[in-house]
Amino acid sequence: MKVTQLLHFLFVTLLILALTSCRNGVVKVDNEMEGKLTATFQLAEKGEKKFYLDAETAPKPPYMQLWTDSLGKRFLTFLNPYKNAIYFYNYDDTTYVKRIAYNKEGPNAILKVSGYHIKNADSIYIYNMPMVQVELADAQGKVKAHIPLTGASKEPDWPNYYPQYLLSTVTSFIPIDSTLILTGQSMLSVPAENIERFKFSAYINTATNQVDFRHTYPKEIYGNNANWEGGLPTQVFSTLSPNKELVFSFPASHNLYLTRWDEDATQTVYGGSNVARTIHSIDYSDVKKTPDELVIENYMKEDMYGAILYDPYRNVYYRFMLKGLPDATIKTVKEEKPIVVILMDEHFHYMGETNLGTGKEWNWTNAFVTQEGLNIEYIGDIGINEDYLTLKVLSPKALN
């Protein structure tokens, strides 16, 4: 082989190796502001609400919605998955009001209520997880319409192109004008060939029940065949800004991604923690065969962001972060991760952050905002008393 041919061969070989390394390498997401932020506020507890539960209801319901009726009365509603029912309590005096149960069989069947949005007594949008569709029902349990969320495709590989939905209080329906936005996710790492095709938000037109899909994962984090297996690193959390912008919080990004709710173009703003470190993807090139041990280890050891909530009464954002545990083992449970709540003003300027405790004390996925403050379900006393659903109410407080 001639020298020039040999050099050309080596160049091509090295180029291929470099490209392969880029495609399958570990993604490192640096926190450029680590240790540089100055806190002026913290979260302080200002109250508590306790809702007495019946013998068929347990704390830690998988879904809640604070609903205000036409007379201005506020109701805490939550899902009892064992009864396939929505329970209503008076939020102000914590008394039980009623429940709406949905049949699992028959013409009005909803196999599994997994989330809902109460618009009014005649229009309750319910996510039916086994069918991957939204049912339009009423307070009498009658189903009036079926809204599929699998697109036009009937192929068995539809999850490669359309989102799945793990709804909770912090990943709920977002109503805006005549649209309901449902933010889903990919349950697996997104292949490079799908990164621009996979759209994680379903837009339901409530006038026509038509569904449109929008918004893609940021390529700089989730592209290039990056290994983010397990379903948790690919979660998408969202809230609506006062300017009608969708604000997306991705677990692996210190930034927040903003887009007009009716547009696709995005911009980024910093929305991270002063103590968050560099976040790494899983170091395993054969993504589909990633061992469960590595998936668990990565999630437990890395800092990962969670929900983003806007507080219109105080004009602040709350962003949750789950701190990594460097010494975590396969036996460490995710509830042991410390929970941090970051405070930002309406322009996303850092105000401070508060370490609440761990997931053994706080069920952060049950969090929502009221006039009183940030409501978070407290579960630290469940082992002592399971008769109550307890909400702690917190509010920003200036540091002295």
# chains A, B, ... in the order shown; residues from 1 in each chain; ligands from 1
>>> select_by_dssp(residues="region 137-347 of chain A", states="strand (DSSP E)", output="VMD selection string")
chain A and resid 137 143 to 148 174 to 176 179 to 183 201 to 205 211 to 214 237 to 240 245 to 249 255 to 260 267 to 270 279 to 280 304 to 311 316 to 322 338 to 345
>>> select_by_dssp(residues="region 38-243 of chain A", states="helix (DSSP H, G or I)", output="list in words")
Met129, Pro130, Met131, Trp158, Pro159, Asn160, Ala192, Glu193, Asn194, Lys219, Glu220, Ile221 and Tyr222 of chain A
>>> write_last_selection(atoms="C-alpha atoms", output="PDB file, in the first residue's frame")
ATOM      1  CA  MET A 129     -53.940   4.831  30.108  1.00  0.00           C
ATOM      2  CA  PRO A 130     -54.502   1.289  28.711  1.00  0.00           C
ATOM      3  CA  MET A 131     -56.229   2.727  25.634  1.00  0.00           C
ATOM      4  CA  TRP A 158     -46.171   3.860  17.482  1.00  0.00           C
ATOM      5  CA  PRO A 159     -44.260   4.564  20.771  1.00  0.00           C
ATOM      6  CA  ASN A 160     -41.180   5.259  18.617  1.00  0.00           C
ATOM      7  CA  ALA A 192     -30.732  10.027  16.468  1.00  0.00           C
ATOM      8  CA  GLU A 193     -32.964   9.401  13.453  1.00  0.00           C
ATOM      9  CA  ASN A 194     -36.079  10.248  15.524  1.00  0.00           C
ATOM     10  CA  LYS A 219     -30.682  17.783  20.415  1.00  0.00           C
ATOM     11  CA  GLU A 220     -27.689  19.011  22.378  1.00  0.00           C
ATOM     12  CA  ILE A 221     -28.761  16.817  25.299  1.00  0.00           C
ATOM     13  CA  TYR A 222     -30.915  14.012  23.937  1.00  0.00           C
TER      14      TYR A 222
END
>>> closest_atom_pairs(of="region 203-305 of chain A", to="region 24-37 of chain A", cutoff="12 Å", atoms="only C-alpha atoms", output="CSV")
residue,atom,partner,partner_atom,distance
A:Lys219,CA,A:Val27,CA,11.0
A:Glu220,CA,A:Val27,CA,8.6
A:Ile221,CA,A:Val27,CA,6.8
A:Tyr222,CA,A:Val27,CA,8.5
A:Gly223,CA,A:Val27,CA,9.4
A:Asn224,CA,A:Asn24,CA,6.9
A:Asn225,CA,A:Asn24,CA,6.0
A:Ala226,CA,A:Asn24,CA,6.2
A:Asn227,CA,A:Val26,CA,7.6
A:Trp228,CA,A:Val27,CA,9.4
A:Phe250,CA,A:Val29,CA,11.8
A:Pro251,CA,A:Val29,CA,10.9
A:Ala252,CA,A:Val29,CA,7.2
A:Ser253,CA,A:Val29,CA,6.7
A:His254,CA,A:Asn31,CA,6.3
A:Asn255,CA,A:Asn31,CA,9.0
A:Tyr270,CA,A:Met33,CA,8.8
A:Gly271,CA,A:Met33,CA,9.8
A:Gly272,CA,A:Asn31,CA,7.4
A:Ser273,CA,A:Glu34,CA,7.0
A:Asn274,CA,A:Glu34,CA,4.8
A:Val275,CA,A:Glu34,CA,5.7
A:Ala276,CA,A:Glu34,CA,6.3
A:Arg277,CA,A:Asn31,CA,6.0
A:Thr278,CA,A:Asp30,CA,4.4
A:Ile279,CA,A:Val29,CA,5.0
A:His280,CA,A:Lys28,CA,4.7
A:Ser281,CA,A:Val27,CA,5.2
A:Ile282,CA,A:Val26,CA,6.5
A:Asp283,CA,A:Val26,CA,5.6
A:Tyr284,CA,A:Asn24,CA,8.0
A:Ser285,CA,A:Asn24,CA,5.4
A:Asp286,CA,A:Asn24,CA,8.3
A:Val287,CA,A:Asn24,CA,8.7
A:Asn298,CA,A:Val26,CA,11.6
A:Glu302,CA,A:Val29,CA,10.9
A:Asp303,CA,A:Val29,CA,10.6
A:Met304,CA,A:Val29,CA,11.1
>>> atom_distance(atom1="CA of Asp327 (chain A)", atom2="CA of Leu166 (chain A)")
28.7 Å
>>> residues_around(residues="Glu245 (chain A)", least_positions_apart="6", cutoff="8 Å", atoms="only C-alpha atoms", output="PyMOL selection string")
chain A and resi 258-261
>>> closest_residue(among="A:Ile339, A:Leu309, A:Leu53, A:Ile110", to="Met321 (chain A)", atoms="only C-alpha atoms")
A:Ile339
>>> closest_residue(among="A:His146, A:Arg319, A:Lys83, A:His347", to="Ser114 (chain A)", atoms="only C-alpha atoms")
A:Lys83
>>> atom_distance(atom1="CA of Val143 (chain A)", atom2="CA of Asn108 (chain A)")
5.1 Å
>>> atom_distance(atom1="CA of Ile308 (chain A)", atom2="CA of Val236 (chain A)")
9.8 Å
>>> closest_residue(among="A:Ala58, A:Thr216, A:Glu297, A:Phe173", to="Asp264 (chain A)", atoms="only C-alpha atoms")
A:Thr216
>>> closest_residue(among="A:Ile330, A:Leu256, A:Leu343, A:Leu180", to="Asn315 (chain A)", atoms="only C-alpha atoms")
A:Leu343
>>> residues_around(residues="Ile376 (chain A)", least_positions_apart="6", cutoff="7 Å", atoms="only C-alpha atoms", output="ChimeraX atom specification")
/A:363-364,366-368,391-393
>>> write_last_selection(atoms="C-alpha atoms", output="compact mmCIF listing (two decimals), in the first residue's frame")
# COMPACT_ATOMS: atom_id res chain seq x y z
CA ASN A 363 -44.17 13.61 47.74
CA TRP A 364 -43.00 16.37 45.40
CA ASN A 366 -48.11 16.24 44.35
CA ALA A 367 -47.37 19.95 44.27
CA PHE A 368 -49.50 22.87 43.10
CA LEU A 391 -50.41 19.32 52.49
CA LYS A 392 -47.71 21.69 53.69
CA VAL A 393 -48.03 25.24 52.39
>>> residues_around(residues="Ala109 (chain A)", least_positions_apart="4", cutoff="10 Å", atoms="only C-alpha atoms", output="PDB file with C-alpha atoms, in the first residue's frame")
ATOM      1  CA  TYR A 102     -66.168   5.497  36.458  1.00  0.00           C
ATOM      2  CA  ASN A 103     -67.082   2.023  35.247  1.00  0.00           C
ATOM      3  CA  LYS A 104     -64.385  -0.312  33.938  1.00  0.00           C
ATOM      4  CA  GLU A 105     -66.852  -2.249  31.788  1.00  0.00           C
ATOM      5  CA  ASN A 128     -57.439   6.294  29.940  1.00  0.00           C
ATOM      6  CA  GLU A 135     -62.206  10.266  27.279  1.00  0.00           C
ATOM      7  CA  GLY A 141     -69.970   8.850  34.563  1.00  0.00           C
ATOM      8  CA  LYS A 142     -71.153   9.019  30.953  1.00  0.00           C
ATOM      9  CA  VAL A 143     -68.441   8.967  28.264  1.00  0.00           C
TER      10      VAL A 143
END
>>> closest_residue(among="A:Val190, A:Leu111, A:Val369, A:Val97", to="Gln65 (chain A)", atoms="only C-alpha atoms")
A:Val369
>>> closest_residue(among="A:Pro62, A:Pro148, A:Gly357, A:Gly373", to="Thr171 (chain A)", atoms="only C-alpha atoms")
A:Pro62
>>> residues_around(residues="Tyr388 (chain A)", least_positions_apart="2", cutoff="10 Å", atoms="only C-alpha atoms", output="PDB file with N, CA and C atoms, in the first residue's frame")
ATOM      1  N   LYS A  49     -52.571  21.760  55.736  1.00  0.00           N
ATOM      2  CA  LYS A  49     -53.955  21.331  55.554  1.00  0.00           C
ATOM      3  C   LYS A  49     -54.006  19.811  55.633  1.00  0.00           C
ATOM      4  N   LYS A  50     -54.973  19.294  56.378  1.00  0.00           N
ATOM      5  CA  LYS A  50     -55.118  17.848  56.534  1.00  0.00           C
ATOM      6  C   LYS A  50     -56.524  17.446  56.097  1.00  0.00           C
ATOM      7  N   PHE A  51     -56.593  16.480  55.176  1.00  0.00           N
ATOM      8  CA  PHE A  51     -57.858  16.010  54.623  1.00  0.00           C
ATOM      9  C   PHE A  51     -58.089  14.578  55.104  1.00  0.00           C
ATOM     10  N   TYR A  52     -59.179  14.365  55.824  1.00  0.00           N
ATOM     11  CA  TYR A  52     -59.467  13.045  56.386  1.00  0.00           C
ATOM     12  C   TYR A  52     -59.898  12.087  55.281  1.00  0.00           C
ATOM     13  N   LEU A  53     -59.281  10.907  55.244  1.00  0.00           N
ATOM     14  CA  LEU A  53     -59.524   9.926  54.189  1.00  0.00           C
ATOM     15  C   LEU A  53     -60.402   8.789  54.693  1.00  0.00           C
ATOM     16  N   ASP A  54     -61.204   8.225  53.792  1.00  0.00           N
ATOM     17  CA  ASP A  54     -62.010   7.068  54.172  1.00  0.00           C
ATOM     18  C   ASP A  54     -61.150   5.808  54.150  1.00  0.00           C
ATOM     19  N   THR A  57     -59.248   4.811  50.866  1.00  0.00           N
ATOM     20  CA  THR A  57     -58.375   5.800  50.240  1.00  0.00           C
ATOM     21  C   THR A  57     -57.072   5.917  51.018  1.00  0.00           C
ATOM     22  N   ALA A  58     -55.968   5.989  50.287  1.00  0.00           N
ATOM     23  CA  ALA A  58     -54.649   6.085  50.908  1.00  0.00           C
ATOM     24  C   ALA A  58     -54.003   7.423  50.571  1.00  0.00           C
ATOM     25  N   PRO A  59     -53.045   7.864  51.396  1.00  0.00           N
ATOM     26  CA  PRO A  59     -52.262   9.047  51.026  1.00  0.00           C
ATOM     27  C   PRO A  59     -51.476   8.783  49.742  1.00  0.00           C
ATOM     28  N   ILE A 379     -45.431  13.507  53.574  1.00  0.00           N
ATOM     29  CA  ILE A 379     -45.676  12.090  53.871  1.00  0.00           C
ATOM     30  C   ILE A 379     -44.786  11.593  55.003  1.00  0.00           C
ATOM     31  N   ASP A 381     -45.217  11.585  58.074  1.00  0.00           N
ATOM     32  CA  ASP A 381     -45.920  10.960  59.194  1.00  0.00           C
ATOM     33  C   ASP A 381     -46.844   9.830  58.751  1.00  0.00           C
ATOM     34  N   ILE A 382     -46.678   9.358  57.518  1.00  0.00           N
ATOM     35  CA  ILE A 382     -47.577   8.311  57.016  1.00  0.00           C
ATOM     36  C   ILE A 382     -47.469   7.039  57.851  1.00  0.00           C
ATOM     37  N   ASN A 385     -49.656   7.833  60.920  1.00  0.00           N
ATOM     38  CA  ASN A 385     -51.074   8.110  60.703  1.00  0.00           C
ATOM     39  C   ASN A 385     -51.366   8.153  59.211  1.00  0.00           C
ATOM     40  N   GLU A 386     -52.090   7.152  58.710  1.00  0.00           N
ATOM     41  CA  GLU A 386     -52.440   7.087  57.296  1.00  0.00           C
ATOM     42  C   GLU A 386     -53.878   7.511  57.041  1.00  0.00           C
ATOM     43  N   THR A 390     -51.942  15.025  53.871  1.00  0.00           N
ATOM     44  CA  THR A 390     -51.407  16.249  54.463  1.00  0.00           C
ATOM     45  C   THR A 390     -50.706  17.099  53.419  1.00  0.00           C
ATOM     46  N   LEU A 391     -51.076  18.359  53.357  1.00  0.00           N
ATOM     47  CA  LEU A 391     -50.405  19.322  52.492  1.00  0.00           C
ATOM     48  C   LEU A 391     -49.702  20.362  53.352  1.00  0.00           C
TER      49      LEU A 391
END
>>> residues_around(residues="Tyr317 (chain A)", least_positions_apart="2", cutoff="12 Å", atoms="only C-alpha atoms", output="NGL selection string")
:A and (43 or 238-242 or 247 or 249 or 256 or 271-272 or 307-315 or 319-320 or 341-353 or 368-369 or 373-374 or 395-396)
